[in-house]
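Everything on this sheet refers to the single structure shown next.
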Amino acid sequence: MEINPKLDAALKALEGDMTETLARWVRVPSVRAERSAGNAPFGAQVRRALEVAMEDMARLGMNPRDVDGYCCDAEIGTGDEVIAVLAHLDVVPEGEGWHHDPYGAEIVNGRMVGRGTSDDKGPGVAALFAMKAIVDAGIPLRRRCRLILGCDEECGMQDLEYYEQKIGLPAKGFSPDAEFPLINTEKGIMQMKLDAPMDDARLLKIACGTRCNVVPGTATALLAGDWREAAAEAFQVEDEDCQIETALEDGNTRLTVTGVPAHASTPEKGKNAAKMLLAVLHRLEIGGAPVALLDEAAGEGDEGVGLGIAGSDAVSGRLTINLGLLSAGEGKISVTFDCRYPVFFSDETIGATVQKRLAPAGFVMEPQHASHPHHVPESSELVKKLMDVYNGITGEQARPFAIGGGTYARHLQEGVAFGMLFQGEPELAHQADESIDLANFAKAARIYAYAIVALCA
């Protein structure tokens with residue numbers, strides 16, 4: 001890979017502005033909400049994030065386009081072919097356990113802390129400034145590079161579906177919404193919601209989870225009567241990160257179980273509070289057959305062994321499953337699983353197997369929607385060029401790999417996920433104190449600039 005001194009100088013000159021821009025984006029709490037007026041299909045705060053991004057695009061000399069509040073885009077270069085760079089502005093709820101303001105963009109020991117710094121505002125800003133540096137360096141492009149910033153990646157990707165219908169997505173490109181070196185395979189994603197009647201007057205309520213694609217870090221239950229001592233004894237988890245708290249409220253017992261949140265694509269990095277709460281209730285013999293069966297079938301591990309769906313393939317690795325949402329009250333219990341399944345597995349078979357396993361306790365599954373697996377061969381031009389850039393800048397000899405996460409890349413005919421988390425860095429997406437290393441932020445922008453040149457120049 002040939003080094004371009006003008007491009008490197010342009011990138012260096014933009015570093016301060018790039019950091020300040022990310023801080024502005026992070027300070028907008030762009031969690032999806034109900035549609036509101038003013039082209040805001042995902043709520044007022046997500047709309048505000050879109051407007052802030054478009055203001056910065058315009059300030060940097062680009063011509064942003066508002067796609068009815070679902071997305072915005074801007075591009076550089078000329079030619080008939082378009083290479084897409086897909087990032088998103090929406091974030092998951094902040095959750096609990098933060099030591100810094102989730103939307104403060106505070107810089108601590110060389111890291112900016114805030115929801116969205118790594119997923120996915122930081123990568124979006126890095127790609128935007130990579131494009132700006134190419135323009136400032138005067139590098140001509142024979143293909144156009146189009147940055148598309150979406151507003152609904154975390155809740156179903158309706159934004160890109162709308163974009164595809166109204167404008168049409170480019171055929172090729174990458175999404176800076178995962179890890180380096182490069183991800184050319186994404187597992188299938190299926191969310192399964194099941195409900196069952198529950199007749200136990202002692203269990204007044206269960207509340208757990210914010211989003212299905214997050215390993216829940218806390219879970220609460222309200223029990224009729226005083227269960228404080230028994231519940232404490234029933235909590236048999238020997239882990240300093242996990243605990244149970246009990247409190248008596250108007251003669252009833254509130255149980256609060258604390259675990260460790262994580263992204264549902266890597267459930268092994270978290271400690272699921274919902275499953276720990278189910279184990280406590282099962283030992284107390286509260287909740288009847290639905291609680292007992294859920295604990296037995298879903299309580300152990302994250303590979304779906306108890307549900308009868310465990311397995312793997314050589315292309316994408318093992319199936320994983322996350323118990324993301326759990327609620328109970330008024331005679332009903334509901335559970336929602338997030339399953340990441342290998343390329344050669346069938347979502348219909350998985351759903352039927354889970355339904356059959358939980359049916360004895362009265363669980364019935366709602367119609368499920370699957371996002372099918374996505375794979376781009378390692379031999380493709382796109383993968384080869386991006387890997388050449390990454391290995392050329394880092395000095396590594398890395399190869400692509402598969403993930404359980406779902407990125408915008410799967411919406412392209414030939415799309416891959418490309419950074420921006422470097423190997424060895426902590427994975428903080430969807431977790432408390434989400435942050436990015438600012439030196440690696442600049443390094444990623446450099447990789448994206450050279451990648452865009454390699455694909456488009």
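By order of appearance in the structure tokens: chains A, B, ..., then residues from 1 within every chain, and ligands from 1 in the order shown.
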**Request:** Would you kindly return, as JSON, numbers by chain, each protein, DNA or RNA residue with an atom no farther than 8 Å from any atom of Arg115 of chain A, considering only C-alpha atoms and excluding same-chain residues fewer than 5 positions away?
**Result:** {"A": [26, 29, 91, 92, 94, 102, 103, 430, 433, 434, 435]}
Take the residues from that selection and put them in a file with C-alpha atoms, as a PDB file, in the first residue's frame.
ATOM      1  CA  VAL A  26     -22.825  12.067  21.568  1.00  0.00           C
ATOM      2  CA  PRO A  29     -29.616  11.157  23.501  1.00  0.00           C
ATOM      3  CA  VAL A  91     -28.333   4.364  20.224  1.00  0.00           C
ATOM      4  CA  VAL A  92     -29.662   1.912  22.782  1.00  0.00           C
ATOM      5  CA  GLU A  94     -28.165   4.250  28.515  1.00  0.00           C
ATOM      6  CA  PRO A 102     -23.885   8.885  29.384  1.00  0.00           C
ATOM      7  CA  TYR A 103     -24.335  11.903  27.117  1.00  0.00           C
ATOM      8  CA  HIS A 430     -24.438  -1.385  24.780  1.00  0.00           C
ATOM      9  CA  ASP A 433     -19.338   3.685  30.411  1.00  0.00           C
ATOM     10  CA  GLU A 434     -19.196   3.024  26.666  1.00  0.00           C
ATOM     11  CA  SER A 435     -16.121   4.841  25.348  1.00  0.00           C
TER      12      SER A 435
END
Please provide as a PDB file with C-alpha atoms, in the first residue's frame all residues within 12 Å of Ala370 of chain A, with the sequence filter that same-chain residues fewer than 2 positions apart are discarded (counting only C-alpha atoms).
ATOM      1  CA  GLY A 156     -35.086  -3.278  13.184  1.00  0.00           C
ATOM      2  CA  LYS A 187     -25.009 -14.824  11.482  1.00  0.00           C
ATOM      3  CA  GLY A 188     -28.758 -14.832  11.107  1.00  0.00           C
ATOM      4  CA  ILE A 189     -30.729 -12.934  13.740  1.00  0.00           C
ATOM      5  CA  MET A 190     -34.090 -14.039  15.059  1.00  0.00           C
ATOM      6  CA  GLN A 191     -36.118 -12.678  17.947  1.00  0.00           C
ATOM      7  CA  MET A 192     -38.628 -15.045  19.519  1.00  0.00           C
ATOM      8  CA  ASP A 338     -32.462 -13.010  20.669  1.00  0.00           C
ATOM      9  CA  CYS A 339     -30.874 -15.832  18.655  1.00  0.00           C
ATOM     10  CA  ARG A 340     -27.807 -15.496  16.409  1.00  0.00           C
ATOM     11  CA  TYR A 341     -27.647 -18.542  14.181  1.00  0.00           C
ATOM     12  CA  PHE A 345     -29.115 -23.125   9.874  1.00  0.00           C
ATOM     13  CA  SER A 346     -32.881 -22.709   9.361  1.00  0.00           C
ATOM     14  CA  ASP A 347     -34.754 -20.052  11.338  1.00  0.00           C
ATOM     15  CA  GLU A 348     -37.990 -22.004  10.896  1.00  0.00           C
ATOM     16  CA  THR A 349     -36.462 -25.102  12.479  1.00  0.00           C
ATOM     17  CA  ILE A 350     -35.049 -23.076  15.369  1.00  0.00           C
ATOM     18  CA  GLY A 351     -38.407 -21.441  16.062  1.00  0.00           C
ATOM     19  CA  PRO A 367     -44.879 -14.937  14.660  1.00  0.00           C
ATOM     20  CA  GLN A 368     -41.158 -14.303  14.419  1.00  0.00           C
ATOM     21  CA  HIS A 372     -31.082 -14.045   7.330  1.00  0.00           C
ATOM     22  CA  PRO A 373     -27.324 -14.708   7.431  1.00  0.00           C
ATOM     23  CA  GLY A 406     -26.084  -7.710  12.628  1.00  0.00           C
TER      24      GLY A 406
END
**Prompt:** Pick the closest to Arg32 of chain A from A:Thr117, A:Asn213, A:Gln45, A:Thr266: which is it, counting only C-alpha atoms?
**Reply:** A:Gln45
**Spatial neighbours of segment 198-203 of chain A, 10 Å, only C-alpha atoms, chain gap at least 5 places, as a VMD selection string** = chain A and resid 221 to 225 252 to 253 281 286 to 291 328 to 334 361 to 363
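For Met365 of chain A, the list of residues within 10 Å, based on only C-alpha atoms and with local chain neighbours fewer than 6 positions off taken out, reads Met192, Lys193, Leu194, Asp195, Ala196, Ser334, Val335, Thr336, Gly351, Ala352, Val354, Gln355, Lys356, Leu358 and Ala359 of chain A.
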Can you write just those residues out, C-alpha atoms, as a PDB file, in the first residue's frame?
ATOM      1  CA  MET A 192     -38.628 -15.045  19.519  1.00  0.00           C
ATOM      2  CA  LYS A 193     -41.340 -13.797  21.893  1.00  0.00           C
ATOM      3  CA  LEU A 194     -43.370 -16.337  23.861  1.00  0.00           C
ATOM      4  CA  ASP A 195     -46.215 -15.873  26.339  1.00  0.00           C
ATOM      5  CA  ALA A 196     -47.769 -18.254  28.846  1.00  0.00           C
ATOM      6  CA  SER A 334     -43.555 -13.186  28.668  1.00  0.00           C
ATOM      7  CA  VAL A 335     -40.040 -13.908  27.465  1.00  0.00           C
ATOM      8  CA  THR A 336     -38.151 -12.734  24.388  1.00  0.00           C
ATOM      9  CA  GLY A 351     -38.407 -21.441  16.062  1.00  0.00           C
ATOM     10  CA  ALA A 352     -40.305 -24.734  15.896  1.00  0.00           C
ATOM     11  CA  VAL A 354     -38.052 -23.634  20.860  1.00  0.00           C
ATOM     12  CA  GLN A 355     -41.848 -23.638  20.679  1.00  0.00           C
ATOM     13  CA  LYS A 356     -41.967 -27.399  21.183  1.00  0.00           C
ATOM     14  CA  LEU A 358     -41.508 -24.600  26.015  1.00  0.00           C
ATOM     15  CA  ALA A 359     -45.035 -25.731  25.078  1.00  0.00           C
TER      16      ALA A 359
END
